[in-house]
file query_15.cif (mmCIF, C-alpha atoms)
data_my_file
loop_
_atom_site.label_atom_id
_atom_site.label_comp_id
_atom_site.auth_asym_id
_atom_site.auth_seq_id
_atom_site.Cartn_x
_atom_site.Cartn_y
_atom_site.Cartn_z
CA MET A 1 49.66 -28.13 266.72
CA GLU A 2 48.69 -29.82 269.95
CA TYR A 3 46.59 -28.21 272.66
CA ARG A 4 46.98 -29.37 276.22
CA LEU A 5 44.58 -28.84 279.05
CA GLY A 6 45.63 -25.68 280.87
CA SER A 7 47.87 -24.33 278.11
CA ARG A 8 47.71 -20.69 277.12
CA HIS A 9 46.42 -21.52 273.68
CA SER A 10 43.61 -23.79 274.81
CA GLY A 11 40.22 -22.14 274.88
CA GLN A 12 38.97 -24.13 277.86
CA GLY A 13 41.85 -25.02 280.15
CA SER A 14 42.88 -21.48 280.99
CA GLN A 15 39.39 -20.63 282.23
CA ILE A 16 39.12 -23.40 284.81
CA ASN A 17 38.91 -22.23 288.43
CA ARG A 18 38.53 -18.58 287.46
CA ALA A 19 35.65 -16.21 288.11
CA HIS A 20 34.81 -12.56 287.68
CA SER A 21 35.34 -10.39 290.71
CA PRO A 22 31.99 -8.75 291.54
CA PHE A 23 33.76 -6.01 293.48
CA VAL A 24 36.01 -5.06 290.55
CA ALA A 25 33.10 -5.31 288.09
CA LEU A 26 31.08 -2.87 290.18
CA VAL A 27 33.77 -0.41 291.25
CA VAL A 28 35.79 0.16 288.05
CA PRO A 29 33.18 2.26 286.15
CA TRP A 30 32.29 4.43 289.14
CA ALA A 31 35.92 4.91 290.24
CA SER A 32 37.10 5.80 286.72
CA ILE A 33 34.42 8.47 286.39
CA VAL A 34 35.28 9.90 289.83
CA LEU A 35 39.00 9.94 289.00
CA ALA A 36 38.29 11.66 285.68
CA SER A 37 36.22 14.24 287.57
CA LEU A 38 39.33 15.08 289.59
CA PHE A 39 41.10 16.20 286.38
CA PRO A 40 40.54 19.92 287.15
CA LEU A 41 42.82 19.53 290.18
CA LEU A 42 45.83 19.11 287.88
CA PRO A 43 47.95 22.26 287.71
CA LEU A 44 47.16 23.39 284.15
CA ILE A 45 47.52 27.10 283.43
CA ALA A 46 45.66 28.54 280.46
CA SER A 47 44.23 31.93 279.60
CA MET A 48 40.98 30.38 278.36
CA PRO A 49 39.14 27.11 278.98
CA ILE A 50 40.90 24.38 277.04
CA SER A 51 40.75 21.23 279.15
CA PRO A 52 37.96 18.83 278.21
CA PRO A 53 35.30 17.89 280.77
CA MET A 54 36.95 14.54 281.52
CA GLY A 55 34.42 13.29 284.06
CA PHE A 56 31.51 13.95 281.72
CA MET A 57 33.34 12.35 278.80
CA MET A 58 34.12 9.27 280.89
CA LEU A 59 30.45 9.05 281.90
CA LEU A 60 29.43 9.27 278.25
CA ALA A 61 31.94 6.65 277.22
CA TRP A 62 30.82 4.18 279.88
CA ARG A 63 27.18 4.75 278.96
CA LEU A 64 27.84 4.32 275.23
CA VAL A 65 30.25 1.37 275.52
CA ARG A 66 28.16 -0.52 278.10
CA PRO A 67 24.58 0.82 277.85
CA GLY A 68 23.00 -1.01 280.78
CA LEU A 69 25.89 -0.75 283.21
CA LEU A 70 25.17 2.60 284.87
CA PRO A 71 21.64 3.25 286.12
CA ILE A 72 19.86 6.44 285.11
CA TRP A 73 20.09 7.82 288.64
CA ALA A 74 23.93 7.63 288.47
CA GLY A 75 23.99 11.17 287.08
CA PHE A 76 23.07 12.58 290.48
CA PRO A 77 25.90 11.21 292.69
CA LEU A 78 28.54 11.37 289.96
CA GLY A 79 27.46 14.90 288.99
CA LEU A 80 27.60 15.87 292.65
CA ILE A 81 31.22 14.72 292.87
CA ASP A 82 32.07 16.54 289.65
CA ASP A 83 30.43 19.72 290.94
CA LEU A 84 32.69 19.64 293.98
CA PHE A 85 35.86 19.70 291.86
CA SER A 86 34.98 21.32 288.52
CA GLY A 87 34.55 24.92 289.63
CA GLN A 88 31.10 25.13 288.04
CA PRO A 89 28.15 26.39 290.08
CA PHE A 90 26.86 23.72 292.42
CA GLY A 91 24.13 21.67 290.77
CA CYS A 92 25.26 22.28 287.20
CA ALA A 93 26.77 18.83 286.65
CA ILE A 94 24.02 17.16 288.68
CA LEU A 95 21.39 18.61 286.37
CA VAL A 96 23.22 18.17 283.07
CA TRP A 97 24.58 14.67 283.82
CA SER A 98 21.13 13.46 284.90
CA LEU A 99 19.47 14.93 281.81
CA THR A 100 22.20 13.43 279.63
CA LEU A 101 21.67 9.94 281.03
CA ILE A 102 17.93 10.28 280.46
CA ALA A 103 18.53 11.47 276.88
CA LEU A 104 20.98 8.62 276.22
CA ASP A 105 18.41 6.14 277.50
CA VAL A 106 15.81 7.57 275.12
CA ILE A 107 18.27 7.44 272.22
CA GLU A 108 19.18 3.84 273.12
CA THR A 109 15.55 2.72 273.07
CA ARG A 110 14.83 4.61 269.84
CA PHE A 111 17.98 3.47 267.99
CA PRO A 112 19.07 0.12 269.49
CA TRP A 113 21.77 -0.61 266.91
CA ARG A 114 25.30 0.36 267.76
CA GLY A 115 28.05 1.95 265.73
CA PHE A 116 31.19 3.97 266.27
CA LEU A 117 30.02 6.89 264.14
CA GLN A 118 26.65 7.02 265.89
CA ASP A 119 28.31 6.94 269.31
CA TRP A 120 30.78 9.66 268.33
CA LEU A 121 28.01 11.90 266.96
CA VAL A 122 25.88 11.39 270.08
CA ALA A 123 28.89 12.06 272.32
CA SER A 124 29.85 15.15 270.28
CA ALA A 125 26.35 16.59 270.60
CA ALA A 126 26.28 15.82 274.33
CA ILE A 127 29.74 17.33 274.91
CA ALA A 128 28.86 20.49 272.96
CA SER A 129 25.60 20.81 274.87
CA TYR A 130 27.36 20.25 278.19
CA ILE A 131 30.01 22.89 277.56
CA LEU A 132 27.52 25.49 276.31
CA VAL A 133 24.90 24.83 279.02
CA CYS A 134 27.53 24.96 281.77
CA ALA A 135 28.81 28.28 280.42
CA PHE A 136 25.24 29.60 280.37
CA ILE A 137 24.52 28.38 283.93
CA ALA A 138 27.80 29.88 285.15
CA GLY A 139 26.52 33.26 283.97
CA SER A 140 29.45 33.92 281.69
CA TRP A 141 27.45 33.99 278.46
CA ASN A 142 28.27 36.81 276.09
CA ILE A 143 28.67 37.40 272.35
CA GLY A 144 32.30 36.26 272.14
CA LEU A 145 31.94 33.18 274.34
CA PRO A 146 31.42 30.62 271.53
CA THR A 147 34.75 31.64 269.98
CA ILE A 148 36.47 31.34 273.36
CA LEU A 149 34.92 27.90 273.95
CA ALA A 150 35.67 26.63 270.43
CA PRO A 151 39.16 25.20 271.24
CA GLN A 152 37.81 23.35 274.28
CA LEU A 153 34.89 22.03 272.25
CA VAL A 154 37.05 20.85 269.34
CA LEU A 155 39.63 19.28 271.65
CA SER A 156 36.91 17.47 273.61
CA ILE A 157 35.23 16.08 270.51
CA LEU A 158 38.54 14.92 269.01
CA PHE A 159 39.66 13.45 272.33
CA TYR A 160 36.48 11.42 272.88
CA PRO A 161 37.56 8.33 270.85
CA LEU A 162 40.63 7.99 273.09
CA ILE A 163 38.38 8.09 276.14
CA GLY A 164 36.21 5.44 274.49
CA ARG A 165 39.26 3.22 273.96
CA LEU A 166 40.30 3.73 277.58
CA VAL A 167 36.82 2.73 278.74
CA ALA A 168 36.90 -0.37 276.51
CA PHE A 169 40.24 -1.33 278.09
CA LEU A 170 38.86 -0.74 281.59
CA ASP A 171 35.81 -2.81 280.68
CA ARG A 172 38.01 -5.72 279.63
CA LEU A 173 39.93 -5.33 282.90
CA ARG A 174 36.66 -5.20 284.81
CA LEU A 175 35.48 -8.47 283.29
CA ARG A 176 38.82 -10.25 283.54
CA ARG A 177 38.70 -13.56 285.29
CA PHE A 178 40.67 -13.84 288.49
CA ARG A 179 42.00 -17.04 290.02
CA THR A 180 39.87 -18.20 292.90
CA ILE A 181 41.43 -19.62 296.03
CA GLY A 182 40.27 -23.01 297.18
#
call {"tool": "encode", "arguments": {"input": "query_15.cif", "output": "structure tokens"}}
result
Amino acid sequence: MEYRLGSRHSGQGSQINRAHSPFVALVVPWASIVLASLFPLLPLIASMPISPPMGFMMLLAWRLVRPGLLPIWAGFPLGLIDDLFSGQPFGCAILVWSLTLIALDVIETRFPWRGFLQDWLVASAAIASYILVCAFIAGSWNIGLPTILAPQLVLSILFYPLIGRLVAFLDRLRLRRFRTIG
């Protein structure tokens, strides 16, 4: 098999005159989290909470897939945007997202090795904490609330690997090389 300069199969030729777009690399994570935070605007009708907290799950996925990409202070502006659209009391997502990013930073420094099972367990604990803390802050805590929140919790935990795959795809798109002009 013969490889020519510039062919699709050559490892070097297809990369000539291509560079990462700094704008795309910076905007894709933030924009995907903001778009996921707009998920509550979809017209879903349910008698109990069933839709996963998509913005929070996208934040978790970006933080677990690319640990150093989002700064710790990103929880404040992204949580602020989520608070505007989620229907939770104002400040709930700001507080919980900021605390989550701090906790994930501590976990990352304590356990630097990476693994799918570890990420899923960390994300599951964070999602469960987020749903329960937000219900408590909203003032709707009562004896039967954990059974009402159970479907949302199970759906969110089972849905997280798909969000992780979406973030991995967006990360590859973010780092894709674009042809430069000149």
call {"tool": "residues_around", "arguments": {"input": "query_15.cif", "residues": "Leu145 (chain A)", "least_positions_apart": "6", "cutoff": "12 Å", "atoms": "all atoms listed in the file", "output": "short mmCIF file (atom, residue, chain, number, x, y, z; two decimals) with C-alpha atoms, in the coordinates of the input"}}
result
data_model
loop_
_atom_site.label_atom_id
_atom_site.label_comp_id
_atom_site.auth_asym_id
_atom_site.auth_seq_id
_atom_site.Cartn_x
_atom_site.Cartn_y
_atom_site.Cartn_z
CA MET A 48 40.98 30.38 278.36
CA PRO A 49 39.14 27.11 278.98
CA ILE A 131 30.01 22.89 277.56
CA LEU A 132 27.52 25.49 276.31
CA VAL A 133 24.90 24.83 279.02
CA CYS A 134 27.53 24.96 281.77
CA ALA A 135 28.81 28.28 280.42
CA PHE A 136 25.24 29.60 280.37
CA GLY A 139 26.52 33.26 283.97
CA PRO A 151 39.16 25.20 271.24
CA GLN A 152 37.81 23.35 274.28
CA LEU A 153 34.89 22.03 272.25
#
call {"tool": "residues_near_point", "arguments": {"input": "query_15.cif", "point": "(21.0, 0.1, 281.4)", "cutoff": "10 Å", "atoms": "only C-alpha atoms", "output": "PyMOL selection string"}}
result
chain A and resi 63+66-72+101+104-105+108
call {"tool": "write_last_selection", "arguments": {"input": "query_15.cif", "atoms": "C-alpha atoms", "output": "PDB file, in the frame of the given file"}}
result
ATOM      1  CA  ARG A  63      27.180   4.750 278.960  1.00  0.00           C
ATOM      2  CA  ARG A  66      28.160  -0.520 278.100  1.00  0.00           C
ATOM      3  CA  PRO A  67      24.580   0.820 277.850  1.00  0.00           C
ATOM      4  CA  GLY A  68      23.000  -1.010 280.780  1.00  0.00           C
ATOM      5  CA  LEU A  69      25.890  -0.750 283.210  1.00  0.00           C
ATOM      6  CA  LEU A  70      25.170   2.600 284.870  1.00  0.00           C
ATOM      7  CA  PRO A  71      21.640   3.250 286.120  1.00  0.00           C
ATOM      8  CA  ILE A  72      19.860   6.440 285.110  1.00  0.00           C
ATOM      9  CA  LEU A 101      21.670   9.940 281.030  1.00  0.00           C
ATOM     10  CA  LEU A 104      20.980   8.620 276.220  1.00  0.00           C
ATOM     11  CA  ASP A 105      18.410   6.140 277.500  1.00  0.00           C
ATOM     12  CA  GLU A 108      19.180   3.840 273.120  1.00  0.00           C
TER      13      GLU A 108
END
call {"tool": "atom_distance", "arguments": {"input": "query_15.cif", "atom1": "CA of Pro43 (chain A)", "atom2": "CA of Leu95 (chain A)"}}
result
26.8 Å
call {"tool": "atom_distance", "arguments": {"input": "query_15.cif", "atom1": "CA of Ile33 (chain A)", "atom2": "CA of Asp83 (chain A)"}}
result
12.8 Å
call {"tool": "closest_residue", "arguments": {"input": "query_15.cif", "among": "A:Leu60, A:Leu35, A:Ala128, A:Val122", "to": "Ser98 (chain A)", "atoms": "all atoms listed in the file"}}
result
A:Leu60
call {"tool": "resolve_selection", "arguments": {"input": "query_15.cif", "expression": "the PyMOL selection byres ((chain A and resi 56) around 10)", "output": "list in words"}}
result
Ile33, Val34, Ala36, Ser37, Pro52, Pro53, Met54, Gly55, Met57, Met58, Leu59, Leu60, Ala61, Trp62, Gly75, Leu78, Gly79, Asp82, Ala93, Val96, Trp97, Thr100, Ala123, Ala126, Ile127, Tyr130 and Ile131 of chain A
call {"tool": "closest_residue", "arguments": {"input": "query_15.cif", "among": "A:Phe85, A:Tyr160, A:Trp141, A:Phe90", "to": "Asp119 (chain A)", "atoms": "all atoms listed in the file"}}
result
A:Tyr160
call {"tool": "closest_residue", "arguments": {"input": "query_15.cif", "among": "A:Thr147, A:Ala74, A:Ser86, A:Cys92", "to": "Leu42 (chain A)", "atoms": "all atoms listed in the file"}}
result
A:Ser86
call {"tool": "atom_distance", "arguments": {"input": "query_15.cif", "atom1": "CA of Leu121 (chain A)", "atom2": "CA of Arg172 (chain A)"}}
result
23.9 Å
call {"tool": "decode", "arguments": {"input": "query_15.cif", "residues": "region 5-156 of chain A", "atoms": "C-alpha atoms", "output": "PDB file, in the first residue's frame"}}
result
ATOM      1  CA  LEU A   5       1.637  13.234   0.646  1.00  0.00           C
ATOM      2  CA  GLY A   6      -1.780  14.750   1.282  1.00  0.00           C
ATOM      3  CA  SER A   7      -3.736  11.507   0.982  1.00  0.00           C
ATOM      4  CA  ARG A   8      -6.440  10.663   3.482  1.00  0.00           C
ATOM      5  CA  HIS A   9      -4.522   7.690   4.791  1.00  0.00           C
ATOM      6  CA  SER A  10      -1.252   9.508   5.362  1.00  0.00           C
ATOM      7  CA  GLY A  11      -0.661  10.535   8.940  1.00  0.00           C
ATOM      8  CA  GLN A  12       1.216  13.716   8.045  1.00  0.00           C
ATOM      9  CA  GLY A  13      -0.053  15.110   4.757  1.00  0.00           C
ATOM     10  CA  SER A  14      -3.627  15.696   5.852  1.00  0.00           C
ATOM     11  CA  GLN A  15      -2.495  17.864   8.769  1.00  0.00           C
ATOM     12  CA  ILE A  16      -0.486  20.370   6.742  1.00  0.00           C
ATOM     13  CA  ASN A  17      -1.847  23.924   6.757  1.00  0.00           C
ATOM     14  CA  ARG A  18      -4.439  23.157   9.423  1.00  0.00           C
ATOM     15  CA  ALA A  19      -4.803  24.624  12.905  1.00  0.00           C
ATOM     16  CA  HIS A  20      -7.204  24.506  15.804  1.00  0.00           C
ATOM     17  CA  SER A  21      -9.713  27.310  15.974  1.00  0.00           C
ATOM     18  CA  PRO A  22      -9.245  29.053  19.337  1.00  0.00           C
ATOM     19  CA  PHE A  23     -12.757  30.477  19.134  1.00  0.00           C
ATOM     20  CA  VAL A  24     -14.379  27.062  18.633  1.00  0.00           C
ATOM     21  CA  ALA A  25     -12.150  25.493  21.307  1.00  0.00           C
ATOM     22  CA  LEU A  26     -13.270  28.100  23.825  1.00  0.00           C
ATOM     23  CA  VAL A  27     -16.954  28.432  22.942  1.00  0.00           C
ATOM     24  CA  VAL A  28     -18.093  24.810  22.467  1.00  0.00           C
ATOM     25  CA  PRO A  29     -18.019  23.741  26.163  1.00  0.00           C
ATOM     26  CA  TRP A  30     -19.710  26.897  27.434  1.00  0.00           C
ATOM     27  CA  ALA A  31     -22.324  26.964  24.658  1.00  0.00           C
ATOM     28  CA  SER A  32     -23.192  23.277  25.085  1.00  0.00           C
ATOM     29  CA  ILE A  33     -23.777  23.738  28.807  1.00  0.00           C
ATOM     30  CA  VAL A  34     -25.927  26.836  28.192  1.00  0.00           C
ATOM     31  CA  LEU A  35     -27.963  25.019  25.529  1.00  0.00           C
ATOM     32  CA  ALA A  36     -28.448  22.052  27.860  1.00  0.00           C
ATOM     33  CA  SER A  37     -29.637  24.485  30.549  1.00  0.00           C
ATOM     34  CA  LEU A  38     -32.387  25.580  28.162  1.00  0.00           C
ATOM     35  CA  PHE A  39     -33.824  22.032  28.200  1.00  0.00           C
ATOM     36  CA  PRO A  40     -36.628  22.991  30.651  1.00  0.00           C
ATOM     37  CA  LEU A  41     -38.059  25.263  27.954  1.00  0.00           C
ATOM     38  CA  LEU A  42     -39.101  22.219  25.910  1.00  0.00           C
ATOM     39  CA  PRO A  43     -42.830  21.531  26.168  1.00  0.00           C
ATOM     40  CA  LEU A  44     -42.765  18.349  28.274  1.00  0.00           C
ATOM     41  CA  ILE A  45     -45.852  17.624  30.348  1.00  0.00           C
ATOM     42  CA  ALA A  46     -45.511  15.303  33.324  1.00  0.00           C
ATOM     43  CA  SER A  47     -47.304  14.926  36.632  1.00  0.00           C
ATOM     44  CA  MET A  48     -44.014  14.604  38.518  1.00  0.00           C
ATOM     45  CA  PRO A  49     -40.415  15.644  37.876  1.00  0.00           C
ATOM     46  CA  ILE A  50     -38.931  13.245  35.355  1.00  0.00           C
ATOM     47  CA  SER A  51     -36.610  15.261  33.115  1.00  0.00           C
ATOM     48  CA  PRO A  52     -32.941  15.089  34.077  1.00  0.00           C
ATOM     49  CA  PRO A  53     -31.042  18.265  34.989  1.00  0.00           C
ATOM     50  CA  MET A  54     -29.392  18.465  31.561  1.00  0.00           C
ATOM     51  CA  GLY A  55     -27.317  21.583  32.192  1.00  0.00           C
ATOM     52  CA  PHE A  56     -25.842  20.148  35.371  1.00  0.00           C
ATOM     53  CA  MET A  57     -25.166  16.809  33.691  1.00  0.00           C
ATOM     54  CA  MET A  58     -23.432  18.553  30.788  1.00  0.00           C
ATOM     55  CA  LEU A  59     -21.302  20.530  33.264  1.00  0.00           C
ATOM     56  CA  LEU A  60     -20.358  17.297  35.033  1.00  0.00           C
ATOM     57  CA  ALA A  61     -19.525  15.570  31.779  1.00  0.00           C
ATOM     58  CA  TRP A  62     -17.290  18.398  30.574  1.00  0.00           C
ATOM     59  CA  ARG A  63     -15.530  18.520  33.942  1.00  0.00           C
ATOM     60  CA  LEU A  64     -15.011  14.747  34.043  1.00  0.00           C
ATOM     61  CA  VAL A  65     -14.045  14.310  30.367  1.00  0.00           C
ATOM     62  CA  ARG A  66     -11.713  17.337  30.273  1.00  0.00           C
ATOM     63  CA  PRO A  67     -10.708  18.103  33.894  1.00  0.00           C
ATOM     64  CA  GLY A  68      -8.763  21.321  33.348  1.00  0.00           C
ATOM     65  CA  LEU A  69     -10.989  22.867  30.704  1.00  0.00           C
ATOM     66  CA  LEU A  70     -13.525  24.723  32.854  1.00  0.00           C
ATOM     67  CA  PRO A  71     -12.223  26.906  35.678  1.00  0.00           C
ATOM     68  CA  ILE A  72     -13.631  26.473  39.176  1.00  0.00           C
ATOM     69  CA  TRP A  73     -15.403  29.830  38.988  1.00  0.00           C
ATOM     70  CA  ALA A  74     -17.410  28.611  35.943  1.00  0.00           C
ATOM     71  CA  GLY A  75     -20.097  27.319  38.309  1.00  0.00           C
ATOM     72  CA  PHE A  76     -21.219  30.867  39.060  1.00  0.00           C
ATOM     73  CA  PRO A  77     -22.051  32.186  35.552  1.00  0.00           C
ATOM     74  CA  LEU A  78     -23.287  28.836  34.245  1.00  0.00           C
ATOM     75  CA  GLY A  79     -25.377  28.267  37.375  1.00  0.00           C
ATOM     76  CA  LEU A  80     -26.786  31.764  36.996  1.00  0.00           C
ATOM     77  CA  ILE A  81     -27.955  30.958  33.461  1.00  0.00           C
ATOM     78  CA  ASP A  82     -29.429  27.658  34.629  1.00  0.00           C
ATOM     79  CA  ASP A  83     -31.252  29.408  37.470  1.00  0.00           C
ATOM     80  CA  LEU A  84     -32.931  31.706  34.980  1.00  0.00           C
ATOM     81  CA  PHE A  85     -34.482  28.799  33.047  1.00  0.00           C
ATOM     82  CA  SER A  86     -34.787  25.856  35.462  1.00  0.00           C
ATOM     83  CA  GLY A  87     -37.610  27.111  37.662  1.00  0.00           C
ATOM     84  CA  GLN A  88     -35.575  26.528  40.822  1.00  0.00           C
ATOM     85  CA  PRO A  89     -35.210  29.330  43.375  1.00  0.00           C
ATOM     86  CA  PHE A  90     -32.662  31.880  42.250  1.00  0.00           C
ATOM     87  CA  GLY A  91     -29.208  31.007  43.537  1.00  0.00           C
ATOM     88  CA  CYS A  92     -29.812  27.281  43.848  1.00  0.00           C
ATOM     89  CA  ALA A  93     -27.807  26.277  40.775  1.00  0.00           C
ATOM     90  CA  ILE A  94     -25.191  28.954  41.448  1.00  0.00           C
ATOM     91  CA  LEU A  95     -24.513  27.478  44.874  1.00  0.00           C
ATOM     92  CA  VAL A  96     -24.714  23.802  43.962  1.00  0.00           C
ATOM     93  CA  TRP A  97     -22.781  24.086  40.675  1.00  0.00           C
ATOM     94  CA  SER A  98     -19.992  26.054  42.378  1.00  0.00           C
ATOM     95  CA  LEU A  99     -19.774  23.560  45.248  1.00  0.00           C
ATOM     96  CA  THR A 100     -19.797  20.686  42.753  1.00  0.00           C
ATOM     97  CA  LEU A 101     -16.883  22.118  40.785  1.00  0.00           C
ATOM     98  CA  ILE A 102     -14.941  22.606  44.009  1.00  0.00           C
ATOM     99  CA  ALA A 103     -15.707  19.017  45.077  1.00  0.00           C
ATOM    100  CA  LEU A 104     -14.706  17.660  41.658  1.00  0.00           C
ATOM    101  CA  ASP A 105     -11.431  19.559  41.883  1.00  0.00           C
ATOM    102  CA  VAL A 106     -10.748  18.008  45.289  1.00  0.00           C
ATOM    103  CA  ILE A 107     -11.616  14.540  43.978  1.00  0.00           C
ATOM    104  CA  GLU A 108      -9.362  15.089  40.950  1.00  0.00           C
ATOM    105  CA  THR A 109      -6.376  16.026  43.110  1.00  0.00           C
ATOM    106  CA  ARG A 110      -7.016  13.150  45.523  1.00  0.00           C
ATOM    107  CA  PHE A 111      -7.611  10.481  42.845  1.00  0.00           C
ATOM    108  CA  PRO A 112      -5.758  11.562  39.677  1.00  0.00           C
ATOM    109  CA  TRP A 113      -6.328   8.331  37.759  1.00  0.00           C
ATOM    110  CA  ARG A 114      -9.250   8.200  35.406  1.00  0.00           C
ATOM    111  CA  GLY A 115     -11.796   5.521  34.685  1.00  0.00           C
ATOM    112  CA  PHE A 116     -15.304   5.206  33.322  1.00  0.00           C
ATOM    113  CA  LEU A 117     -16.681   3.535  36.438  1.00  0.00           C
ATOM    114  CA  GLN A 118     -15.122   6.139  38.723  1.00  0.00           C
ATOM    115  CA  ASP A 119     -16.516   8.976  36.596  1.00  0.00           C
ATOM    116  CA  TRP A 120     -19.971   7.402  36.519  1.00  0.00           C
ATOM    117  CA  LEU A 121     -19.993   6.887  40.298  1.00  0.00           C
ATOM    118  CA  VAL A 122     -18.835  10.459  40.921  1.00  0.00           C
ATOM    119  CA  ALA A 123     -21.418  11.796  38.471  1.00  0.00           C
ATOM    120  CA  SER A 124     -24.163   9.632  40.022  1.00  0.00           C
ATOM    121  CA  ALA A 125     -23.374  10.926  43.500  1.00  0.00           C
ATOM    122  CA  ALA A 126     -23.268  14.514  42.232  1.00  0.00           C
ATOM    123  CA  ILE A 127     -26.553  14.141  40.317  1.00  0.00           C
ATOM    124  CA  ALA A 128     -28.307  12.570  43.312  1.00  0.00           C
ATOM    125  CA  SER A 129     -26.989  15.304  45.589  1.00  0.00           C
ATOM    126  CA  TYR A 130     -28.033  18.002  43.125  1.00  0.00           C
ATOM    127  CA  ILE A 131     -31.590  16.718  42.775  1.00  0.00           C
ATOM    128  CA  LEU A 132     -32.076  16.245  46.522  1.00  0.00           C
ATOM    129  CA  VAL A 133     -30.454  19.559  47.532  1.00  0.00           C
ATOM    130  CA  CYS A 134     -32.463  21.481  44.935  1.00  0.00           C
ATOM    131  CA  ALA A 135     -35.677  19.889  46.222  1.00  0.00           C
ATOM    132  CA  PHE A 136     -34.700  20.847  49.766  1.00  0.00           C
ATOM    133  CA  ILE A 137     -33.828  24.445  48.778  1.00  0.00           C
ATOM    134  CA  ALA A 138     -37.098  24.743  46.845  1.00  0.00           C
ATOM    135  CA  GLY A 139     -38.916  24.018  50.096  1.00  0.00           C
ATOM    136  CA  SER A 140     -40.784  21.032  48.750  1.00  0.00           C
ATOM    137  CA  TRP A 141     -39.213  18.484  51.092  1.00  0.00           C
ATOM    138  CA  ASN A 142     -41.614  16.026  52.675  1.00  0.00           C
ATOM    139  CA  ILE A 143     -41.759  12.337  53.571  1.00  0.00           C
ATOM    140  CA  GLY A 144     -42.883  11.110  50.143  1.00  0.00           C
ATOM    141  CA  LEU A 145     -40.520  13.273  48.095  1.00  0.00           C
ATOM    142  CA  PRO A 146     -37.739  10.667  47.639  1.00  0.00           C
ATOM    143  CA  THR A 147     -40.229   8.281  46.023  1.00  0.00           C
ATOM    144  CA  ILE A 148     -41.469  11.052  43.734  1.00  0.00           C
ATOM    145  CA  LEU A 149     -37.898  11.985  42.771  1.00  0.00           C
ATOM    146  CA  ALA A 150     -36.778   8.369  42.253  1.00  0.00           C
ATOM    147  CA  PRO A 151     -37.734   8.168  38.528  1.00  0.00           C
ATOM    148  CA  GLN A 152     -35.921  11.425  37.775  1.00  0.00           C
ATOM    149  CA  LEU A 153     -32.894  10.258  39.724  1.00  0.00           C
ATOM    150  CA  VAL A 154     -32.736   6.839  38.030  1.00  0.00           C
ATOM    151  CA  LEU A 155     -33.282   8.324  34.575  1.00  0.00           C
ATOM    152  CA  SER A 156     -30.565  10.931  35.158  1.00  0.00           C
TER     153      SER A 156
END
